[in-house]
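Containing compact mmCIF, C-alpha atoms and all ligand atoms: my_file13.txt.
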```
# COMPACT_ATOMS: atom_id res chain seq x y z
CA GLY A 1500 8.79 -16.46 -19.11
CA LYS A 1501 8.67 -13.26 -17.05
CA THR A 1502 11.95 -12.00 -15.58
CA LEU A 1503 12.20 -11.39 -11.84
CA LYS A 1504 12.16 -7.67 -12.55
CA GLU A 1505 8.94 -8.01 -14.54
CA HIS A 1506 7.34 -9.91 -11.68
CA LEU A 1507 8.44 -7.55 -8.91
CA ARG A 1508 7.72 -4.24 -10.67
CA PHE A 1509 9.94 -2.14 -8.37
CA SER A 1510 9.06 1.45 -7.67
CA VAL A 1511 10.96 4.23 -5.89
CA ALA A 1512 8.94 6.43 -3.50
CA TYR A 1513 9.71 10.06 -4.26
CA TRP A 1514 8.86 11.28 -0.76
CA HIS A 1515 11.31 9.07 1.13
CA SER A 1516 14.10 9.27 -1.40
CA PHE A 1517 14.09 12.95 -2.32
CA ALA A 1518 11.90 14.88 0.12
CA TRP A 1519 12.75 13.17 3.42
CA GLU A 1520 15.22 15.25 5.43
CA GLY A 1521 16.16 12.79 8.18
CA GLY A 1522 14.07 14.17 11.07
CA ASP A 1523 12.43 12.23 13.89
CA PRO A 1524 10.24 13.29 16.84
CA PHE A 1525 13.37 14.23 18.84
CA GLY A 1526 15.35 16.15 16.26
CA GLY A 1527 15.10 17.80 12.86
CA GLN A 1528 16.89 17.55 9.56
CA THR A 1529 20.14 15.61 9.37
CA PHE A 1530 20.47 15.26 5.58
CA GLU A 1531 21.99 17.87 3.27
CA ARG A 1532 21.00 17.66 -0.39
CA PRO A 1533 21.68 20.17 -3.15
CA TRP A 1534 17.99 19.99 -4.20
CA PHE A 1535 16.53 20.90 -0.78
CA GLY A 1536 14.90 24.33 -0.68
CA GLU A 1537 12.04 26.40 -2.03
CA GLY A 1538 11.04 27.22 -5.57
CA MET A 1539 10.64 25.68 -8.99
CA GLU A 1540 14.35 25.55 -9.78
CA LYS A 1541 15.01 23.29 -6.80
CA ALA A 1542 11.97 21.17 -7.66
CA LYS A 1543 13.39 20.59 -11.14
CA LEU A 1544 16.87 19.85 -9.82
CA LYS A 1545 15.23 17.29 -7.52
CA ALA A 1546 13.51 15.74 -10.54
CA ASP A 1547 16.81 15.61 -12.47
CA VAL A 1548 18.44 13.72 -9.60
CA ALA A 1549 15.42 11.45 -9.15
CA PHE A 1550 15.29 10.34 -12.75
CA GLU A 1551 19.06 9.81 -12.77
CA MET A 1552 18.65 7.56 -9.73
CA PHE A 1553 15.78 5.59 -11.32
CA GLU A 1554 18.14 4.86 -14.21
CA ILE A 1555 21.10 3.91 -12.00
CA LEU A 1556 18.84 1.47 -10.15
CA GLY A 1557 17.09 0.21 -13.26
CA ALA A 1558 13.85 0.86 -11.37
CA PRO A 1559 10.98 0.68 -13.84
CA TYR A 1560 8.55 2.75 -11.73
CA PHE A 1561 8.23 5.61 -9.26
CA CYS A 1562 5.41 7.00 -7.08
CA PHE A 1563 4.79 10.49 -5.76
CA HIS A 1564 2.55 12.85 -3.78
CA ASP A 1565 1.90 16.33 -5.19
CA VAL A 1566 3.79 17.98 -2.32
CA ASP A 1567 6.91 15.84 -2.87
CA VAL A 1568 7.40 17.13 -6.37
CA ARG A 1569 6.07 20.70 -6.61
CA PRO A 1570 6.85 23.89 -4.68
CA GLU A 1571 4.15 24.80 -2.15
CA GLY A 1572 1.97 27.63 -3.48
CA ALA A 1573 0.14 30.38 -1.59
CA ASP A 1574 -3.25 28.98 -2.61
CA PHE A 1575 -4.98 26.25 -4.61
CA ALA A 1576 -4.45 28.00 -7.95
CA GLU A 1577 -0.70 28.32 -7.41
CA ASN A 1578 -0.43 24.71 -6.20
CA THR A 1579 -2.21 23.62 -9.36
CA ARG A 1580 0.03 25.71 -11.67
CA ASN A 1581 3.13 24.33 -9.96
CA LEU A 1582 1.91 20.75 -10.20
CA ARG A 1583 1.14 21.20 -13.91
CA GLU A 1584 4.59 22.60 -14.61
CA ILE A 1585 6.29 19.69 -12.83
CA THR A 1586 3.97 17.16 -14.47
CA ASP A 1587 5.03 18.45 -17.90
CA TYR A 1588 8.67 18.31 -16.78
CA PHE A 1589 8.20 14.69 -15.58
CA GLN A 1590 6.52 13.78 -18.83
CA GLY A 1591 9.60 14.81 -20.80
CA LYS A 1592 11.87 12.84 -18.49
CA MET A 1593 9.64 9.76 -18.56
CA GLU A 1594 9.63 9.81 -22.35
CA ALA A 1595 13.42 10.22 -22.43
CA THR A 1596 14.22 7.51 -19.86
CA GLY A 1597 11.33 5.04 -20.11
CA THR A 1598 10.65 5.24 -16.36
CA LYS A 1599 6.94 4.77 -15.65
CA LEU A 1600 4.55 5.91 -12.94
CA LEU A 1601 3.20 3.14 -10.71
CA TRP A 1602 0.88 5.55 -8.91
CA GLY A 1603 0.25 9.14 -7.95
CA THR A 1604 -1.41 10.43 -4.80
CA ALA A 1605 -2.31 13.62 -2.94
CA ASN A 1606 -0.74 14.57 0.36
CA LEU A 1607 -3.81 15.47 2.44
CA PHE A 1608 -2.07 15.19 5.80
CA SER A 1609 1.03 17.42 6.16
CA HIS A 1610 -0.38 20.93 5.77
CA ARG A 1611 -1.97 22.44 8.90
CA ARG A 1612 -5.28 22.93 7.09
CA TYR A 1613 -5.68 19.13 7.32
CA MET A 1614 -4.96 18.85 11.04
CA SER A 1615 -8.53 17.64 11.69
CA GLY A 1616 -8.79 15.53 8.57
CA ALA A 1617 -9.32 16.10 4.85
CA ALA A 1618 -12.51 14.34 3.66
CA THR A 1619 -13.57 13.84 7.28
CA ASN A 1620 -12.82 17.40 8.40
CA PRO A 1621 -15.70 19.10 10.28
CA ASP A 1622 -15.17 22.16 8.02
CA PRO A 1623 -16.76 21.75 4.55
CA ASP A 1624 -14.21 24.21 3.07
CA VAL A 1625 -11.43 21.78 3.95
CA TYR A 1626 -13.38 18.96 2.27
CA ALA A 1627 -13.66 21.15 -0.85
CA PHE A 1628 -9.96 22.03 -0.82
CA ALA A 1629 -9.03 18.35 -0.44
CA ALA A 1630 -11.45 17.24 -3.18
CA ALA A 1631 -10.11 19.90 -5.56
CA THR A 1632 -6.55 18.80 -4.76
CA VAL A 1633 -7.36 15.15 -5.47
CA LYS A 1634 -8.78 16.24 -8.83
CA THR A 1635 -5.45 17.84 -9.76
CA CYS A 1636 -3.49 14.77 -8.61
CA ILE A 1637 -5.71 12.40 -10.62
CA ASP A 1638 -5.17 14.70 -13.61
CA ALA A 1639 -1.37 14.57 -13.15
CA THR A 1640 -1.43 10.78 -12.68
CA HIS A 1641 -3.55 10.36 -15.81
CA GLN A 1642 -1.33 12.66 -17.89
CA LEU A 1643 1.72 10.62 -16.87
CA GLY A 1644 0.07 7.29 -17.72
CA GLY A 1645 0.03 6.23 -14.04
CA GLU A 1646 -1.08 2.63 -13.62
CA ASN A 1647 -2.85 3.23 -10.29
CA TYR A 1648 -4.07 6.05 -8.07
CA VAL A 1649 -3.63 5.68 -4.29
CA LEU A 1650 -5.50 7.22 -1.37
CA TRP A 1651 -4.04 6.82 2.08
CA GLY A 1652 -6.44 8.27 4.66
CA GLY A 1653 -3.67 10.28 6.32
CA ARG A 1654 -5.57 12.24 8.96
CA GLU A 1655 -8.93 10.57 8.37
CA GLY A 1656 -9.61 9.51 11.93
CA TYR A 1657 -10.14 11.15 15.29
CA GLU A 1658 -8.50 11.80 18.64
CA THR A 1659 -11.60 11.99 20.86
CA LEU A 1660 -15.26 11.10 20.34
CA LEU A 1661 -16.16 14.11 22.50
CA ASN A 1662 -15.64 16.43 19.52
CA THR A 1663 -16.35 13.94 16.72
CA ASP A 1664 -19.51 13.02 14.81
CA MET A 1665 -18.42 9.63 13.58
CA GLY A 1666 -21.54 9.02 11.51
CA ARG A 1667 -21.06 12.23 9.57
CA GLU A 1668 -17.37 11.67 9.07
CA ARG A 1669 -17.93 8.17 7.66
CA GLN A 1670 -20.49 9.57 5.22
CA GLN A 1671 -18.09 12.33 4.18
CA ALA A 1672 -15.30 9.81 3.58
CA GLY A 1673 -17.64 7.60 1.54
CA ARG A 1674 -18.82 10.50 -0.58
CA PHE A 1675 -15.25 11.72 -1.11
CA LEU A 1676 -14.05 8.33 -2.35
CA THR A 1677 -17.09 7.99 -4.62
CA GLN A 1678 -16.39 11.43 -6.12
CA ALA A 1679 -12.74 10.50 -6.69
CA VAL A 1680 -13.70 7.25 -8.45
CA GLU A 1681 -16.34 9.02 -10.56
CA TYR A 1682 -13.92 11.74 -11.62
CA ALA A 1683 -11.16 9.27 -12.51
CA ARG A 1684 -13.53 7.25 -14.70
CA LYS A 1685 -15.01 10.41 -16.24
CA ILE A 1686 -11.62 11.51 -17.60
CA GLY A 1687 -10.84 8.01 -18.85
CA PHE A 1688 -8.38 6.96 -16.15
CA ASP A 1689 -8.71 3.17 -16.22
CA GLY A 1690 -6.01 2.29 -13.70
CA ALA A 1691 -6.80 0.77 -10.32
CA ILE A 1692 -7.85 3.04 -7.47
CA LEU A 1693 -6.32 1.86 -4.22
CA ILE A 1694 -6.94 2.62 -0.55
CA GLU A 1695 -3.93 2.16 1.71
CA PRO A 1696 -5.02 0.93 5.16
CA LYS A 1697 -3.12 2.08 8.25
CA PRO A 1698 -3.98 2.00 11.99
CA GLN A 1699 -2.96 4.13 14.96
CA GLU A 1700 -1.16 7.06 13.34
CA PRO A 1701 -1.28 9.93 12.80
CA THR A 1702 -4.67 9.91 14.56
CA LYS A 1703 -5.48 7.62 17.45
CA HIS A 1704 -8.49 6.04 15.67
CA GLN A 1705 -7.82 5.75 11.93
CA TYR A 1706 -10.92 5.00 9.81
CA ASP A 1707 -8.89 2.87 7.33
CA TYR A 1708 -7.48 0.65 10.09
CA ASP A 1709 -6.74 -2.52 8.13
CA VAL A 1710 -7.91 -4.56 5.14
CA ALA A 1711 -11.01 -5.90 6.90
CA THR A 1712 -12.09 -2.42 7.99
CA VAL A 1713 -11.53 -0.97 4.52
CA TYR A 1714 -13.55 -3.78 2.96
CA GLY A 1715 -16.49 -3.08 5.27
CA PHE A 1716 -16.26 0.59 4.35
CA LEU A 1717 -16.14 -0.16 0.60
CA LYS A 1718 -19.16 -2.49 0.88
CA ASP A 1719 -21.07 0.16 2.77
CA PHE A 1720 -20.59 2.64 -0.07
CA GLY A 1721 -20.90 0.12 -2.92
CA LEU A 1722 -17.28 0.57 -3.98
CA GLU A 1723 -15.90 -2.94 -3.42
CA LYS A 1724 -15.73 -3.62 -7.16
CA GLU A 1725 -14.14 -0.25 -7.96
CA VAL A 1726 -11.49 0.12 -5.28
CA LYS A 1727 -8.68 -2.19 -4.19
CA VAL A 1728 -5.97 -1.92 -1.53
CA ASN A 1729 -2.31 -1.01 -1.35
CA ILE A 1730 -0.90 -3.02 1.55
CA GLU A 1731 2.16 -1.91 3.52
CA GLN A 1732 4.25 -4.22 5.72
CA GLY A 1733 4.65 -1.66 8.51
CA HIS A 1734 0.95 -0.86 8.58
CA ALA A 1735 0.04 -4.55 8.82
CA ILE A 1736 2.37 -4.96 11.81
CA LEU A 1737 0.98 -1.84 13.51
CA ALA A 1738 -2.52 -3.30 13.14
CA GLY A 1739 -1.38 -6.37 15.05
CA HIS A 1740 -1.41 -8.55 11.95
CA SER A 1741 1.34 -9.94 9.75
CA PHE A 1742 2.04 -8.67 6.23
CA GLU A 1743 0.96 -12.02 4.77
CA HIS A 1744 -2.31 -11.95 6.72
CA GLU A 1745 -3.29 -8.63 5.14
CA LEU A 1746 -2.25 -9.82 1.67
CA ALA A 1747 -4.13 -13.11 1.98
CA LEU A 1748 -7.29 -11.43 3.26
CA ALA A 1749 -7.23 -8.87 0.42
CA ARG A 1750 -6.83 -11.70 -2.07
CA GLU A 1751 -9.75 -13.64 -0.61
CA LEU A 1752 -11.92 -10.50 -0.69
CA GLY A 1753 -10.90 -9.78 -4.29
CA ILE A 1754 -9.37 -6.40 -3.46
CA PHE A 1755 -5.62 -7.05 -3.63
CA GLY A 1756 -3.89 -4.31 -5.62
CA SER A 1757 -0.31 -3.41 -4.76
CA ILE A 1758 2.24 -3.34 -1.96
CA ASP A 1759 4.26 -0.72 -0.09
CA MET A 1760 7.36 -2.68 0.84
CA ASN A 1761 9.22 -1.76 4.00
CA ARG A 1762 10.03 -3.14 7.43
CA ASN A 1763 8.64 -2.42 10.83
CA ASP A 1764 10.32 -4.40 13.57
CA TYR A 1765 7.86 -6.07 15.88
CA GLN A 1766 8.69 -3.92 18.93
CA SER A 1767 8.69 -0.58 17.11
CA GLY A 1768 5.32 0.89 18.13
CA TRP A 1769 5.33 3.35 15.23
CA ASP A 1770 5.69 3.29 11.48
CA THR A 1771 9.47 3.26 11.01
CA ASP A 1772 9.46 2.64 7.22
CA GLN A 1773 12.82 0.85 7.20
CA PHE A 1774 14.19 -0.78 4.07
CA PRO A 1775 13.14 -4.44 3.95
CA ASN A 1776 15.69 -7.19 4.64
CA ASN A 1777 13.80 -9.98 6.40
CA VAL A 1778 13.88 -12.53 3.59
CA PRO A 1779 11.82 -15.31 5.24
CA GLU A 1780 9.04 -12.83 6.02
CA MET A 1781 9.19 -11.44 2.48
CA ALA A 1782 8.99 -14.96 1.07
CA LEU A 1783 5.73 -15.50 2.97
CA ALA A 1784 4.40 -12.17 1.68
CA TYR A 1785 5.28 -12.85 -1.96
CA TYR A 1786 3.81 -16.34 -1.57
CA GLU A 1787 0.45 -14.69 -0.91
CA VAL A 1788 1.00 -12.24 -3.78
CA LEU A 1789 1.71 -15.16 -6.12
CA ARG A 1790 -1.36 -16.99 -4.86
CA ALA A 1791 -3.29 -13.85 -5.84
CA GLY A 1792 -1.91 -14.27 -9.38
CA GLY A 1793 1.04 -11.89 -8.93
CA PHE A 1794 1.00 -8.19 -9.70
CA THR A 1795 -1.26 -7.13 -12.53
CA THR A 1796 -1.39 -3.36 -12.18
CA GLY A 1797 0.36 -3.12 -8.80
CA GLY A 1798 4.00 -3.56 -7.86
CA THR A 1799 6.64 -3.41 -5.14
CA ASN A 1800 6.90 0.22 -4.06
CA PHE A 1801 9.71 0.93 -1.60
CA ASP A 1802 7.87 3.02 0.97
CA SER A 1803 11.18 2.89 2.84
CA LYS A 1804 13.40 5.62 4.15
CA LEU A 1805 17.01 5.87 5.21
CA ARG A 1806 17.77 5.96 8.92
CA ARG A 1807 18.64 9.53 9.88
CA GLN A 1808 22.29 8.59 10.43
CA SER A 1809 22.59 7.29 6.84
CA LEU A 1810 23.63 10.63 5.47
CA ASP A 1811 25.19 9.96 2.12
CA ALA A 1812 23.53 9.92 -1.27
CA GLU A 1813 25.35 6.62 -1.74
CA ASP A 1814 23.36 5.21 1.19
CA LEU A 1815 20.20 6.00 -0.73
CA ILE A 1816 21.35 3.99 -3.75
CA LEU A 1817 22.68 1.09 -1.68
CA ALA A 1818 19.53 0.93 0.46
CA HIS A 1819 17.45 0.40 -2.68
CA VAL A 1820 19.92 -2.12 -4.08
CA GLY A 1821 19.75 -4.06 -0.82
CA GLY A 1822 15.97 -3.85 -0.77
CA MET A 1823 15.71 -5.11 -4.34
CA ASP A 1824 18.10 -7.92 -3.54
CA ALA A 1825 16.05 -9.00 -0.50
CA CYS A 1826 12.81 -8.81 -2.51
CA ALA A 1827 14.32 -10.92 -5.27
CA ALA A 1828 15.48 -13.54 -2.75
CA GLY A 1829 12.05 -13.58 -1.06
CA PHE A 1830 10.22 -13.76 -4.37
CA LYS A 1831 12.39 -16.59 -5.69
CA ALA A 1832 11.80 -18.58 -2.51
CA ALA A 1833 8.05 -17.95 -2.78
CA ALA A 1834 7.95 -19.04 -6.42
CA LYS A 1835 9.79 -22.25 -5.55
CA MET A 1836 7.47 -22.92 -2.61
CA LEU A 1837 4.50 -22.62 -4.92
CA GLU A 1838 6.07 -24.64 -7.72
CA ASP A 1839 7.04 -27.52 -5.44
CA GLY A 1840 3.49 -27.60 -4.14
CA LYS A 1841 4.37 -29.20 -0.78
CA LEU A 1842 2.79 -26.44 1.26
CA GLU A 1843 -0.39 -26.47 -0.82
CA GLU A 1844 -0.53 -30.24 -0.58
CA ALA A 1845 -0.35 -30.04 3.22
CA ARG A 1846 -2.98 -27.30 3.29
CA GLN A 1847 -5.37 -29.30 1.10
CA ALA A 1848 -4.83 -32.46 3.14
CA ARG A 1849 -5.91 -30.60 6.26
CA TYR A 1850 -9.27 -29.81 4.63
CA ALA A 1851 -9.90 -33.36 3.42
CA GLY A 1852 -13.57 -34.23 3.10
CA TRP A 1853 -15.10 -30.90 2.20
CA ASP A 1854 -15.45 -31.67 -1.49
CA SER A 1855 -17.40 -34.89 -0.99
CA ALA A 1856 -21.08 -35.02 -1.99
CA GLU A 1857 -22.22 -35.75 1.60
CA VAL A 1858 -20.44 -32.76 3.04
CA GLN A 1859 -21.71 -30.48 0.30
CA ALA A 1860 -25.23 -31.75 1.01
CA MET A 1861 -24.78 -30.93 4.70
CA LEU A 1862 -24.21 -27.30 3.81
CA ALA A 1863 -27.69 -27.16 2.35
CA GLU A 1864 -29.30 -28.77 5.41
CA GLY A 1865 -30.82 -27.20 8.50
CA LEU A 1866 -29.18 -27.56 11.90
CA ASP A 1867 -31.93 -29.98 13.00
CA GLU A 1868 -31.21 -32.30 10.07
CA ILE A 1869 -27.49 -32.14 10.78
CA ALA A 1870 -28.10 -32.90 14.44
CA ALA A 1871 -30.24 -35.92 13.56
CA ARG A 1872 -27.53 -37.25 11.25
CA VAL A 1873 -24.68 -36.67 13.71
CA GLU A 1874 -26.68 -38.57 16.32
CA GLY A 1875 -27.75 -41.32 13.92
CA GLU A 1876 -24.22 -41.92 12.65
CA GLY A 1877 -22.68 -41.57 16.10
CA LEU A 1878 -20.21 -39.08 14.63
CA ASN A 1879 -17.30 -38.40 17.00
CA PRO A 1880 -14.46 -36.60 15.19
CA THR A 1881 -10.83 -37.30 16.04
CA PRO A 1882 -8.75 -34.06 16.09
CA ARG A 1883 -6.48 -33.46 13.07
CA SER A 1884 -2.92 -32.14 13.51
CA GLY A 1885 -2.18 -28.61 12.28
CA ARG A 1886 1.48 -29.56 11.64
CA GLN A 1887 2.60 -25.96 12.14
CA GLU A 1888 6.22 -26.67 13.10
CA ARG A 1889 6.75 -29.00 10.15
CA LEU A 1890 5.43 -26.37 7.77
CA GLU A 1891 7.45 -23.55 9.28
CA ASN A 1892 10.54 -25.69 8.98
CA LEU A 1893 9.65 -26.55 5.39
CA VAL A 1894 9.60 -22.83 4.53
CA ASN A 1895 13.17 -22.57 5.81
CA ARG A 1896 14.23 -25.08 3.12
CA TYR A 1897 13.45 -22.44 0.48
CA VAL A 1898 14.91 -19.21 1.85
C1 LIG A 1901 2.17 6.57 5.57
C2 LIG A 1901 2.29 6.05 4.21
C3 LIG A 1901 2.05 7.04 3.13
C4 LIG A 1901 1.38 6.43 1.93
C5 LIG A 1901 1.20 7.41 0.84
C6 LIG A 1901 0.40 6.83 -0.27
C7 LIG A 1901 3.58 8.85 3.21
O1 LIG A 1901 2.51 5.67 6.53
O2 LIG A 1901 2.59 4.89 4.04
O3 LIG A 1901 3.29 7.59 2.74
O4 LIG A 1901 2.10 5.34 1.43
O5 LIG A 1901 0.59 8.58 1.32
O6 LIG A 1901 -0.76 7.41 -0.49
MG MG A 1902 2.76 3.60 2.41
MG MG A 1903 4.03 3.96 6.09
```

Using structure tokens, write down the structure that the file contains.
Amino acid sequence: GKTLKEHLRFSVAYWHSFAWEGGDPFGGQTFERPWFGEGMEKAKLKADVAFEMFEILGAPYFCFHDVDVRPEGADFAENTRNLREITDYFQGKMEATGTKLLWGTANLFSHRRYMSGAATNPDPDVYAFAAATVKTCIDATHQLGGENYVLWGGREGYETLLNTDMGRERQQAGRFLTQAVEYARKIGFDGAILIEPKPQEPTKHQYDYDVATVYGFLKDFGLEKEVKVNIEQGHAILAGHSFEHELALARELGIFGSIDMNRNDYQSGWDTDQFPNNVPEMALAYYEVLRAGGFTTGGTNFDSKLRRQSLDAEDLILAHVGGMDACAAGFKAAAKMLEDGKLEEARQARYAGWDSAEVQAMLAEGLDEIAARVEGEGLNPTPRSGRQERLENLVNRYV
């Protein structure tokens, strides 16, 4: 009996909707917004507009980085004061409107102090500044009843091994994540803590490349039960995977948490963060989410930004409406695919035999025993069809 909206748990990303100015590598700001500019007054005007938009959209959740919401201070103390003031302001608005926080996070990648990494920076003072900043962002997330806390390893990676001690940097990253988890639990934050994998940018060799890499890292530091992943479509494509591959792997590893929904076209070469509209692809993604049991603490966060020519505030509303519409269509198709069971039936049929007593016994045998049996029985397997085209066509019946 859940509604579509309860299943999808939509969230608006503060950074793309309210802080993004329309620049690209070849040209700067194209957007004009009354809330752009320095100072606390502008930050509060931005919040007023944001919460009005959450209500217009009926979006139950939002997500933010500290730097999206507060004015930049001259030092850590001023950053912290500013974040506290905005957090209190948000709290009032959340109580008044019922909008909830899906997750909070720290921006440890835009400021020049992080140019060589945050946790993995060669300079221990930068590590300390980043760790202190994460503390304040976990505090803000906790105060606002955030359901998750996300860490994307923005500049945690390297450009050249010639100036990089990879062993040290991995240890620093592991210690940093452990300290974040310990602090969150210490203050009673019981939401999920999520790493967001991403390859290739901004650094050439990102330590959190994809789900498999993150899992290896979590295992290494004993955090695989504590930390899950936030998977983004565009990041999956940049890693040379598909969105559904990353979702399915996270599910199988028991670390699926949440999704950043957007769209990277397959030729893009960089993270374009477009609004999603490829319904068949989204159906395959939500199919994997549903096979993971759906969203428990996670949701569908639109980590999607307007194209720089889409100037109007109206474009911002309509982009989200279109994105929600496409998600709903994809989700409905996925739910029907699962309910009809034809795909699962075909999948199971392909693995026929594995549950039999003989095959289970084989798994306990040594290779020599298996070899003797294969020879004795004259086993000579006939290839089984993968039926890919039939299954791909079947998916089209649902979207
Ligand atoms: C970068 C991203 C990030 C993360 C965010 C969450 C700026 O490609 O996707 O957005 O989603 O930092 O921690
Ligand atoms: Mg993201
Ligand atoms: Mg992204």

Do a neighbour search on Gln1732 of chain A at 9 Å with only C-alpha atoms, toss out local chain neighbours closer than 6 positions, and write the hits as a short mmCIF file (atom, residue, chain, number, x, y, z; two decimals) with C-alpha atoms, keeping the file's coordinate frame.
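Ended up saving to around07.cif:
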```
data_model
loop_
_atom_site.label_atom_id
_atom_site.label_comp_id
_atom_site.auth_asym_id
_atom_site.auth_seq_id
_atom_site.Cartn_x
_atom_site.Cartn_y
_atom_site.Cartn_z
CA SER A 1741 1.34 -9.94 9.75
CA PHE A 1742 2.04 -8.67 6.23
CA GLU A 1743 0.96 -12.02 4.77
CA GLU A 1745 -3.29 -8.63 5.14
CA ILE A 1758 2.24 -3.34 -1.96
CA ASP A 1759 4.26 -0.72 -0.09
CA MET A 1760 7.36 -2.68 0.84
CA ASN A 1761 9.22 -1.76 4.00
CA ARG A 1762 10.03 -3.14 7.43
CA ASN A 1763 8.64 -2.42 10.83
CA ASP A 1772 9.46 2.64 7.22
CA ALA A 1784 4.40 -12.17 1.68
#
```

**Asked** Which residues come within 12 Å of Leu1810 of chain A, counting all atoms listed in the file, excluding same-chain residues fewer than 2 positions away, as a PyMOL selection string?
**Response** chain A and resi 1516+1519-1522+1528-1532+1804-1808+1812-1818

**Request:** Name each residue within 8 Å of ligand MG 1902 (chain A), counting only C-alpha atoms and all ligand atoms, as a PyMOL selection string.
**Result:** chain A and resi 1651+1695+1729-1731+1734+1759-1760+1802

**Asked** With distances taken over only C-alpha atoms and all ligand atoms, which of A:Trp1853, A:Phe1525, A:Phe1774, A:Trp1602 is nearest to ligand MG 1903 (chain A)?
**Response** A:Phe1774

**Item:** Distance of atom C7 of ligand LIG 1901 (chain A) from atom CA of His1506 of chain A, expressed in Å to one decimal place
**Value:**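 Computing the Euclidean distance for atom CA of His1506 of chain A and atom C7 of ligand LIG 1901 (chain A) yields 24.2 Å.
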
**Request:** Give the answer as one residue: which of A:Asn1892, A:Thr1579, A:Asn1800, A:Gln1678 has the shortest atom-to-atom distance to ligand LIG 1901 (chain A), using all atoms listed in the file?
**Result:**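 Counting all atoms listed in the file, the residue closest to ligand LIG 1901 (chain A) is A:Asn1800.
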
**Item:** Nearest-residue call for ligand LIG 1901 (chain A), choices A:Phe1553, A:Trp1514, A:Tyr1714, A:Phe1561, using all atoms listed in the file
**Value:**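 Comparing A:Phe1553, A:Trp1514, A:Tyr1714, A:Phe1561 against ligand LIG 1901 (chain A), the winner is A:Trp1514.
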
Pull the closest atom pair for each residue of chain A that gets at most 6 Å from ligand LIG 1901 (chain A), along with the distance in Å to one decimal, counting all atoms listed in the file, ordering rows by chain and then ascending residue number, as a Markdown table.
```
| residue | atom | partner | partner_atom | distance |
| --- | --- | --- | --- | --- |
| A:Thr1604 | CA | A:LIG1901 | O6 | 5.3 |
| A:Val1649 | CA | A:LIG1901 | O6 | 5.1 |
| A:Leu1650 | CA | A:LIG1901 | O6 | 4.8 |
| A:Trp1651 | CA | A:LIG1901 | O6 | 4.2 |
```

Hey, what's within 12 Å of Glu1594 of chain A if we count only C-alpha atoms and toss same-chain stuff fewer than 6 positions away? As a tab-separated table (two decimals) with C-alpha atoms, in the frame of the given file, please?
```tsv
chain	number	residue	atom	x	y	z
A	1550	PHE	CA	15.29	10.34	-12.75
A	1587	ASP	CA	5.03	18.45	-17.90
A	1588	TYR	CA	8.67	18.31	-16.78
A	1600	LEU	CA	4.55	5.91	-12.94
A	1643	LEU	CA	1.72	10.62	-16.87
A	1644	GLY	CA	0.07	7.29	-17.72
```

**Asked** Hey, what's within 9 Å of Glu1655 of chain A if we count all atoms listed in the file and toss same-chain stuff fewer than 4 positions away? As a list in words, please?
**Response**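 Answer for this query is Phe1608, Ser1615, Gly1616, Ala1617, Ala1618, Thr1619, Asn1620, Trp1651, Glu1668, Ala1672, Pro1701, Thr1702, His1704, Gln1705, Tyr1706 and Asp1707 of chain A.
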
**Prompt:** Pick the closest to ligand MG 1903 (chain A) from A:Val1548, A:Val1778, A:Ile1736, A:Ile1686: which is it, counting all atoms listed in the file?
**Reply:**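 Answer, going by the shortest atom-to-atom distance: A:Ile1736.
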
Here's a test: counting all atoms listed in the file, identify every protein, DNA and RNA residue with an atom at most 12 Å from (-4.5, -1.1, -5.6) in the file's coordinate frame, and state them as a tab-separated table (two decimals) with C-alpha atoms, in the frame of the given file.
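What landed in part-v3.tsv:
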```tsv
chain	number	residue	atom	x	y	z
A	1601	LEU	CA	3.20	3.14	-10.71
A	1602	TRP	CA	0.88	5.55	-8.91
A	1603	GLY	CA	0.25	9.14	-7.95
A	1604	THR	CA	-1.41	10.43	-4.80
A	1646	GLU	CA	-1.08	2.63	-13.62
A	1647	ASN	CA	-2.85	3.23	-10.29
A	1648	TYR	CA	-4.07	6.05	-8.07
A	1649	VAL	CA	-3.63	5.68	-4.29
A	1650	LEU	CA	-5.50	7.22	-1.37
A	1651	TRP	CA	-4.04	6.82	2.08
A	1690	GLY	CA	-6.01	2.29	-13.70
A	1691	ALA	CA	-6.80	0.77	-10.32
A	1692	ILE	CA	-7.85	3.04	-7.47
A	1693	LEU	CA	-6.32	1.86	-4.22
A	1694	ILE	CA	-6.94	2.62	-0.55
A	1695	GLU	CA	-3.93	2.16	1.71
A	1696	PRO	CA	-5.02	0.93	5.16
A	1710	VAL	CA	-7.91	-4.56	5.14
A	1723	GLU	CA	-15.90	-2.94	-3.42
A	1724	LYS	CA	-15.73	-3.62	-7.16
A	1725	GLU	CA	-14.14	-0.25	-7.96
A	1726	VAL	CA	-11.49	0.12	-5.28
A	1727	LYS	CA	-8.68	-2.19	-4.19
A	1728	VAL	CA	-5.97	-1.92	-1.53
A	1729	ASN	CA	-2.31	-1.01	-1.35
A	1730	ILE	CA	-0.90	-3.02	1.55
A	1731	GLU	CA	2.16	-1.91	3.52
A	1746	LEU	CA	-2.25	-9.82	1.67
A	1749	ALA	CA	-7.23	-8.87	0.42
A	1750	ARG	CA	-6.83	-11.70	-2.07
A	1753	GLY	CA	-10.90	-9.78	-4.29
A	1754	ILE	CA	-9.37	-6.40	-3.46
A	1755	PHE	CA	-5.62	-7.05	-3.63
A	1756	GLY	CA	-3.89	-4.31	-5.62
A	1757	SER	CA	-0.31	-3.41	-4.76
A	1758	ILE	CA	2.24	-3.34	-1.96
A	1759	ASP	CA	4.26	-0.72	-0.09
A	1794	PHE	CA	1.00	-8.19	-9.70
A	1795	THR	CA	-1.26	-7.13	-12.53
A	1796	THR	CA	-1.39	-3.36	-12.18
A	1797	GLY	CA	0.36	-3.12	-8.80
A	1798	GLY	CA	4.00	-3.56	-7.86
A	1799	THR	CA	6.64	-3.41	-5.14
A	1800	ASN	CA	6.90	0.22	-4.06
```
